[in-house]
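One file, coords-v6.cif, is given below (mmCIF, C-alpha atoms).
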data_upload
#
loop_
_atom_site.label_atom_id
_atom_site.label_comp_id
_atom_site.auth_asym_id
_atom_site.auth_seq_id
_atom_site.Cartn_x
_atom_site.Cartn_y
_atom_site.Cartn_z
CA MET A 1 0.00 0.00 0.00
CA GLN A 2 1.30 3.42 -0.95
CA PRO A 3 1.18 5.86 1.99
CA SER A 4 -0.65 8.44 -0.13
CA GLN A 5 -3.57 6.14 -0.93
CA LEU A 6 -6.91 7.66 -0.05
CA SER A 7 -8.26 4.19 0.64
CA SER A 8 -7.09 2.22 3.65
CA GLY A 9 -7.70 -1.07 1.90
CA ASP A 10 -10.42 -1.92 4.42
CA VAL A 11 -14.03 -1.19 3.39
CA ILE A 12 -15.30 -0.65 6.93
CA ALA A 13 -12.35 1.58 7.82
CA ASP A 14 -12.95 3.64 4.69
CA ARG A 15 -16.63 4.02 5.56
CA ARG A 16 -15.80 5.26 9.05
CA ALA A 17 -13.18 7.62 7.63
CA ASP A 18 -15.78 9.03 5.22
CA TYR A 19 -18.17 9.65 8.11
CA ALA A 20 -15.34 11.26 10.06
CA LYS A 21 -14.70 13.63 7.17
CA MET A 22 -18.37 14.58 7.11
CA LEU A 23 -18.29 15.30 10.84
CA ASP A 24 -15.20 17.44 10.44
CA GLU A 25 -16.74 19.40 7.58
CA GLY A 26 -19.74 19.98 9.83
CA GLY A 27 -17.53 21.52 12.50
CA GLU A 28 -17.40 18.48 14.78
CA ALA A 29 -13.65 17.86 14.80
CA GLU A 30 -13.59 16.00 18.12
CA ALA A 31 -16.27 13.55 17.00
CA ALA A 32 -14.43 13.16 13.69
CA ALA A 33 -11.25 12.24 15.56
CA GLU A 34 -13.05 9.59 17.61
CA LEU A 35 -14.46 7.96 14.48
CA MET A 36 -11.11 8.20 12.69
CA GLU A 37 -9.45 6.40 15.59
CA GLN A 38 -11.94 3.57 15.09
CA ALA A 39 -11.02 3.43 11.40
CA LEU A 40 -7.32 3.24 12.24
CA GLU A 41 -7.89 0.35 14.63
CA LEU A 42 -8.90 -1.58 11.49
CA ALA A 43 -6.11 -0.12 9.29
CA PRO A 44 -3.20 0.82 11.60
CA ALA A 45 -0.66 1.15 8.74
CA TRP A 46 -2.66 3.77 6.83
CA ALA A 47 -0.42 6.85 6.79
CA ALA A 48 -3.01 9.10 5.14
CA GLY A 49 -5.48 8.12 7.83
CA TRP A 50 -3.10 9.05 10.62
CA TYR A 51 -2.53 12.41 8.96
CA ARG A 52 -6.28 13.03 8.80
CA LEU A 53 -6.61 12.04 12.46
CA ALA A 54 -3.86 14.51 13.34
CA THR A 55 -5.66 17.35 11.58
CA TYR A 56 -8.91 16.56 13.41
CA HIS A 57 -7.10 16.55 16.77
CA GLU A 58 -5.46 19.85 15.87
CA LYS A 59 -8.80 21.45 14.99
CA ALA A 60 -10.23 20.15 18.27
CA GLY A 61 -7.42 21.86 20.17
CA LYS A 62 -5.74 18.64 21.27
CA ALA A 63 -2.13 19.44 20.40
CA GLU A 64 -0.49 16.45 22.11
CA ALA A 65 -2.81 13.99 20.40
CA ALA A 66 -2.16 15.74 17.08
CA ILE A 67 1.60 15.49 17.61
CA GLU A 68 1.35 11.75 18.29
CA ALA A 69 -0.67 11.23 15.11
CA TYR A 70 1.72 13.33 13.01
CA ARG A 71 4.63 11.31 14.43
CA ARG A 72 2.87 8.11 13.46
CA THR A 73 2.33 9.50 9.96
CA LEU A 74 6.06 10.11 9.61
CA GLU A 75 6.91 6.63 10.87
CA LEU A 76 4.72 5.10 8.18
CA ASP A 77 5.77 7.61 5.51
CA PRO A 78 9.43 8.62 6.03
CA ASP A 79 9.43 10.46 2.67
CA ASP A 80 6.87 12.79 4.32
CA ILE A 81 4.55 13.12 1.36
CA PHE A 82 1.94 14.76 3.61
CA GLY A 83 4.18 17.41 5.21
CA ALA A 84 3.81 15.98 8.72
CA GLY A 85 7.31 17.21 9.55
CA LEU A 86 6.24 20.79 8.85
CA LYS A 87 3.20 20.33 11.08
CA LEU A 88 5.35 18.99 13.92
CA ALA A 89 7.59 22.04 13.60
CA LEU A 90 4.63 24.40 13.85
CA LEU A 91 3.39 22.54 16.93
CA GLY A 92 6.79 22.95 18.59
CA ASP A 93 7.70 19.28 18.52
CA ALA A 94 10.53 19.57 15.98
CA GLU A 95 12.98 22.08 14.56
CA THR A 96 11.84 23.96 11.47
CA PRO A 97 13.12 21.96 8.49
CA ALA A 98 15.64 23.74 6.30
CA GLN A 99 13.70 22.36 3.36
CA PRO A 100 10.32 20.64 3.09
CA SER A 101 10.19 17.16 1.62
CA SER A 102 10.37 17.32 -2.18
CA ARG A 103 7.79 14.53 -2.30
CA TYR A 104 5.42 16.72 -0.26
CA VAL A 105 5.82 19.72 -2.57
CA GLU A 106 5.50 17.58 -5.70
CA ARG A 107 2.32 15.89 -4.46
CA LEU A 108 0.89 19.21 -3.27
CA PHE A 109 1.12 20.76 -6.72
CA ASP A 110 0.27 17.62 -8.66
CA ASP A 111 -3.00 17.56 -6.70
CA TYR A 112 -3.48 21.33 -7.03
CA ALA A 113 -2.75 21.70 -10.75
CA ASP A 114 -6.32 21.51 -12.07
CA ARG A 115 -7.65 24.24 -9.78
CA PHE A 116 -4.43 26.22 -9.30
CA GLU A 117 -5.17 29.19 -11.53
CA THR A 118 -8.81 29.48 -10.49
CA SER A 119 -7.83 29.46 -6.83
CA LEU A 120 -4.97 31.92 -7.15
CA VAL A 121 -6.19 34.42 -9.71
CA GLU A 122 -9.95 34.45 -9.16
CA LYS A 123 -10.15 33.82 -5.41
CA LEU A 124 -6.84 34.99 -3.91
CA ASP A 125 -6.13 38.09 -6.04
CA TYR A 126 -2.73 36.74 -7.05
CA SER A 127 -0.73 39.47 -8.78
CA VAL A 128 2.94 38.43 -8.69
CA PRO A 129 3.32 37.58 -12.42
CA GLN A 130 2.18 41.04 -13.50
CA LYS A 131 4.32 42.77 -10.86
CA LEU A 132 7.46 40.77 -11.71
CA ALA A 133 6.84 41.40 -15.41
CA ALA A 134 6.75 45.13 -14.66
CA LEU A 135 10.19 44.83 -13.05
CA VAL A 136 11.46 42.98 -16.12
CA ALA A 137 10.03 45.68 -18.39
CA SER A 138 11.63 48.40 -16.28
CA THR A 139 15.10 47.27 -17.38
CA GLY A 140 14.36 48.18 -20.99
CA ARG A 141 16.22 45.06 -22.10
CA HIS A 142 15.28 42.35 -24.60
CA TYR A 143 16.60 38.97 -23.51
CA GLN A 144 17.88 36.07 -25.58
CA LEU A 145 17.00 33.30 -23.10
CA ALA A 146 14.83 33.46 -20.00
CA VAL A 147 14.54 30.58 -17.53
CA ASP A 148 11.42 30.53 -15.36
CA LEU A 149 12.17 28.54 -12.19
CA GLY A 150 9.14 26.97 -10.54
CA CYS A 151 7.03 27.99 -13.51
CA GLY A 152 3.92 26.18 -12.27
CA THR A 153 1.06 26.41 -14.74
CA GLY A 154 2.93 29.12 -16.64
CA LEU A 155 1.28 32.28 -15.34
CA LEU A 156 4.47 34.33 -15.67
CA GLY A 157 5.37 33.11 -19.17
CA PRO A 158 2.77 35.12 -21.12
CA GLU A 159 3.61 38.24 -19.10
CA ILE A 160 7.30 38.24 -20.11
CA ARG A 161 7.15 36.48 -23.49
CA SER A 162 7.39 39.73 -25.47
CA HIS A 163 10.68 40.55 -23.72
CA VAL A 164 12.49 37.30 -24.62
CA VAL A 165 13.54 35.38 -27.70
CA SER A 166 13.42 31.97 -26.03
CA LEU A 167 11.75 30.85 -22.80
CA GLU A 168 12.37 27.77 -20.66
CA GLY A 169 10.29 26.63 -17.70
CA PHE A 170 11.10 24.20 -14.89
CA ASP A 171 8.90 22.82 -12.13
CA LEU A 172 8.86 19.92 -9.68
CA SER A 173 5.27 18.96 -10.56
CA GLN A 174 4.61 17.15 -13.83
CA ASN A 175 0.93 18.07 -13.65
CA MET A 176 1.79 21.75 -13.40
CA LEU A 177 4.16 21.42 -16.35
CA ALA A 178 1.36 19.85 -18.39
CA LYS A 179 -0.81 22.89 -17.69
CA ALA A 180 2.03 25.22 -18.66
CA ALA A 181 2.48 23.34 -21.93
CA GLU A 182 -1.15 24.02 -22.84
CA LYS A 183 -0.38 27.74 -23.00
CA GLN A 184 2.13 27.15 -25.84
CA VAL A 185 4.30 29.97 -24.52
CA TYR A 186 7.40 28.07 -23.38
CA ASP A 187 9.99 26.75 -25.83
CA HIS A 188 11.16 24.09 -23.37
CA LEU A 189 9.59 22.63 -20.22
CA ALA A 190 11.15 20.08 -17.86
CA GLN A 191 11.03 18.78 -14.30
CA ALA A 192 13.54 20.12 -11.79
CA ASP A 193 14.05 20.17 -8.02
CA LEU A 194 15.32 23.50 -6.71
CA SER A 195 16.13 22.03 -3.30
CA LEU A 196 19.04 20.04 -4.77
CA ALA A 197 22.56 21.05 -5.76
CA PRO A 198 22.88 22.42 -9.32
CA GLU A 199 24.24 19.20 -10.83
CA ALA A 200 21.39 17.14 -9.34
CA SER A 201 18.57 19.65 -9.85
CA GLY A 202 17.66 18.80 -13.44
CA ILE A 203 18.21 22.38 -14.64
CA PHE A 204 21.30 21.39 -16.58
CA SER A 205 20.19 18.01 -17.95
CA ASP A 206 19.40 19.51 -21.38
CA GLY A 207 21.07 22.92 -21.20
CA ALA A 208 24.43 24.54 -20.68
CA ARG A 209 25.61 26.46 -17.66
CA HIS A 210 25.53 30.25 -17.74
CA ARG A 211 23.03 30.17 -20.60
CA ALA A 212 20.35 32.57 -19.32
CA ASP A 213 20.36 36.35 -19.44
CA LEU A 214 17.07 36.44 -17.49
CA VAL A 215 16.08 34.16 -14.60
CA THR A 216 12.68 34.43 -12.92
CA ALA A 217 11.07 32.77 -9.90
CA ALA A 218 7.48 33.77 -9.15
CA ASP A 219 6.15 32.58 -5.80
CA VAL A 220 8.27 29.43 -5.64
CA LEU A 221 10.83 30.33 -2.98
CA MET A 222 8.19 30.21 -0.23
CA TYR A 223 8.08 26.45 -0.71
CA LEU A 224 11.76 26.28 0.19
CA GLY A 225 13.28 27.30 3.50
CA ASN A 226 17.04 27.59 3.13
CA LEU A 227 17.64 29.16 -0.29
CA GLU A 228 21.33 28.30 -0.66
CA SER A 229 20.58 25.65 -3.29
CA VAL A 230 18.44 28.05 -5.32
CA PHE A 231 21.08 30.76 -5.35
CA ALA A 232 23.72 28.18 -6.28
CA ILE A 233 21.54 27.09 -9.22
CA VAL A 234 21.05 30.71 -10.28
CA ASP A 235 24.80 31.29 -10.02
CA ASP A 236 25.44 28.41 -12.43
CA LEU A 237 22.51 29.27 -14.70
CA ALA A 238 22.90 33.01 -15.17
CA ALA A 239 25.37 34.58 -17.58
CA THR A 240 27.40 37.60 -16.55
CA GLY A 241 25.13 40.63 -16.61
CA ALA A 242 21.95 38.53 -16.41
CA ASP A 243 18.92 39.86 -14.58
CA ILE A 244 17.31 37.73 -11.86
CA VAL A 245 13.76 38.63 -10.81
CA PHE A 246 11.93 36.83 -8.01
CA SER A 247 9.47 37.08 -5.14
CA VAL A 248 9.37 35.95 -1.51
CA GLU A 249 6.83 36.20 1.28
CA ASP A 250 7.96 38.98 3.60
CA GLY A 251 9.56 37.50 6.72
CA GLY A 252 9.79 40.85 8.47
CA GLU A 253 12.71 41.67 10.73
CA GLY A 254 15.62 39.33 11.34
CA ASP A 255 18.14 37.71 9.07
CA GLY A 256 16.62 34.33 8.27
CA PHE A 257 13.42 32.55 7.33
CA SER A 258 10.42 31.21 9.19
CA LEU A 259 7.64 28.67 8.65
CA ALA A 260 4.10 30.09 8.54
CA PRO A 261 0.89 28.26 9.53
CA SER A 262 0.17 28.02 5.80
CA LEU A 263 3.20 25.65 5.62
CA ARG A 264 4.95 28.21 3.42
CA TYR A 265 8.22 29.89 4.32
CA ALA A 266 8.70 33.63 4.72
CA HIS A 267 12.14 35.19 4.14
CA SER A 268 13.46 38.43 5.52
CA GLN A 269 14.88 41.11 3.26
CA THR A 270 18.17 40.91 5.17
CA TYR A 271 18.42 37.17 4.47
CA ILE A 272 17.90 37.69 0.73
CA GLU A 273 20.36 40.59 0.63
CA GLY A 274 23.00 38.40 2.28
CA LEU A 275 22.52 35.58 -0.24
CA ALA A 276 22.55 38.02 -3.15
CA SER A 277 25.83 39.53 -1.96
CA ALA A 278 27.41 36.11 -1.42
CA HIS A 279 26.52 35.06 -4.96
CA GLY A 280 27.58 38.23 -6.75
CA LEU A 281 24.13 39.67 -7.39
CA GLU A 282 23.64 43.42 -7.36
CA ILE A 283 20.19 44.45 -6.13
CA LEU A 284 18.71 46.98 -8.55
CA ASP A 285 15.21 47.30 -7.11
CA ILE A 286 13.14 46.09 -4.16
CA VAL A 287 9.35 46.33 -4.11
CA LYS A 288 7.26 45.53 -1.04
CA THR A 289 3.69 44.70 -1.98
CA THR A 290 0.68 42.48 -1.34
CA ILE A 291 1.12 39.30 -3.35
CA ARG A 292 -2.11 37.41 -2.60
CA LYS A 293 -4.77 36.83 0.02
CA ASP A 294 -4.88 33.94 2.47
CA GLY A 295 -7.95 33.38 4.60
CA GLY A 296 -9.22 36.74 3.39
CA LYS A 297 -6.14 38.54 4.68
CA PRO A 298 -3.46 40.16 2.49
CA ILE A 299 -0.07 38.43 2.37
CA SER A 300 2.92 40.76 2.19
CA GLY A 301 5.72 39.96 -0.20
CA ILE A 302 9.00 41.36 -1.46
CA LEU A 303 9.94 41.50 -5.14
CA PHE A 304 13.59 41.71 -6.13
CA LEU A 305 15.29 42.78 -9.34
CA THR A 306 18.95 41.79 -9.25
CA ARG A 307 21.80 41.57 -11.75
CA LYS A 308 24.74 39.21 -11.88
CA ALA A 309 27.90 41.27 -11.56
CA ALA A 310 30.78 40.97 -13.98
#

The structure given in the file should be rewritten as structure tokens.
Amino acid sequence: MQPSQLSSGDVIADRRADYAKMLDEGGEAEAAAELMEQALELAPAWAAGWYRLATYHEKAGKAEAAIEAYRRTLELDPDDIFGAGLKLALLGDAETPAQPSSRYVERLFDDYADRFETSLVEKLDYSVPQKLAALVASTGRHYQLAVDLGCGTGLLGPEIRSHVVSLEGFDLSQNMLAKAAEKQVYDHLAQADLSLAPEASGIFSDGARHRADLVTAADVLMYLGNLESVFAIVDDLAATGADIVFSVEDGGEGDGFSLAPSLRYAHSQTYIEGLASAHGLEILDIVKTTIRKDGGKPISGILFLTRKAA
């Protein structure tokens, strides 16, 4: 049984889990947890079930019970496809991971691909592609090759296409890449993992180093904590004089990054400035702005326009 299976493999356990979900959706998290525990007595190796139990306990305000269930999820699913490690960090039971599990991020966006644009653009007032494109346009340059890191469904591609001769897009999620391909804006699309070292990331499997004179990353860095690997990839990808344009969620004061209840990371301006300096990037412009809504509240972000020094 794969840990991500929605079915436990036991008909009665599945039926009880379905009832538990209905109770939870009706605002009865504690009752949902009780029924989910009964389901797991029948299917104790069901990682997805333990994760659901943990969320019900968390909603019911039972933090210790939630922690135990998240721990059990991780034991059954060490690849952490559900992001239980992030949850344990938020509950104070573990250190904040430097990176989330790549399997978690990949599954998250594979599952999200079909409703991604509707959710972001129509419901959450997502505006990063247009705002990053404005920064690109402000340079007055026309680029030979742009590489869009974490391109998702390709929302940024159409916004910058008129400024580039050729456009590549990379993403961890194959389902997101399939959506991007439908736009017929990118000249090349491929899977890549930005949490890995440059040689293992997939960015250079079909392309040379230092090939891009524009590198973009729209709302992808918040799914990574420590950004050393990303800046190392950019260092190897960007030609001398290349522009690098990207966004982060605003981490406020301090010189690091933090994990938000949304399970996304926020990065401070000081942290980004330090990485840029270490990797030879000159910061040309910084824009603080609202990048989307979450739970009806505006999320603050920081947009950066940088250039790789000679």

Please build the interface table for region 172-277 of chain A against region 86-90 of chain A with a cut-off of 9 Å, listing for each qualifying residue the nearest atom pair and the distance in Å to one decimal; count only C-alpha atoms, order rows by chain and increasing number, and write it as CSV.
residue,atom,partner,partner_atom,distance
A:Leu259,CA,A:Leu90,CA,7.4
A:Ala260,CA,A:Leu90,CA,7.8
A:Pro261,CA,A:Leu90,CA,6.9
A:Leu263,CA,A:Leu86,CA,6.6

Extract, using all atoms listed in the file, all DNA, RNA and protein residues at most 9 Å from Phe231 (chain A), discarding same-chain residues fewer than 5 positions from it, and format them as a ChimeraX atom specification.
-> /A:236,275-276,279

Find the residues near region 144-153 of chain A: any atom within 8 Å, counting all atoms listed in the file, skip ones fewer than 3 places away on the same chain, and give them as a count of residues only.
-> 31

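Applied to this file, the PyMOL selection byres ((chain A and resi 35-48) around 8) selects the residues Pro3, Ser4, Gln5, Leu6, Ser8, Gly9, Asp10, Ile12, Ala13, Asp14, Arg16, Ala17, Tyr19, Ala20, Ala31, Ala32, Ala33, Glu34, Gly49, Trp50, Tyr51, Arg52, Leu53, Arg72, Thr73, Leu74, Leu76, Asp77 and Phe82 of chain A.
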
Which polymer residues have any atom within 9 Å of an atom of Arg141 (chain A), counting all atoms listed in the file, with same-chain residues fewer than 3 positions away left out, as a PyMOL selection string?
-> chain A and resi 136-138+163-164

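Minimum atom-to-atom distance to Ile203 (chain A), evaluated using only C-alpha atoms, belongs to A:Ala232 out of A:Ala232, A:Met22, A:Val185, A:Leu227.
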
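Of the residues under consideration (A:Glu159, A:Asp80, A:Asp187, A:Glu282), A:Glu282 shows the shortest atom-to-atom contact distance to Thr240 (chain A) when counting all atoms listed in the file.
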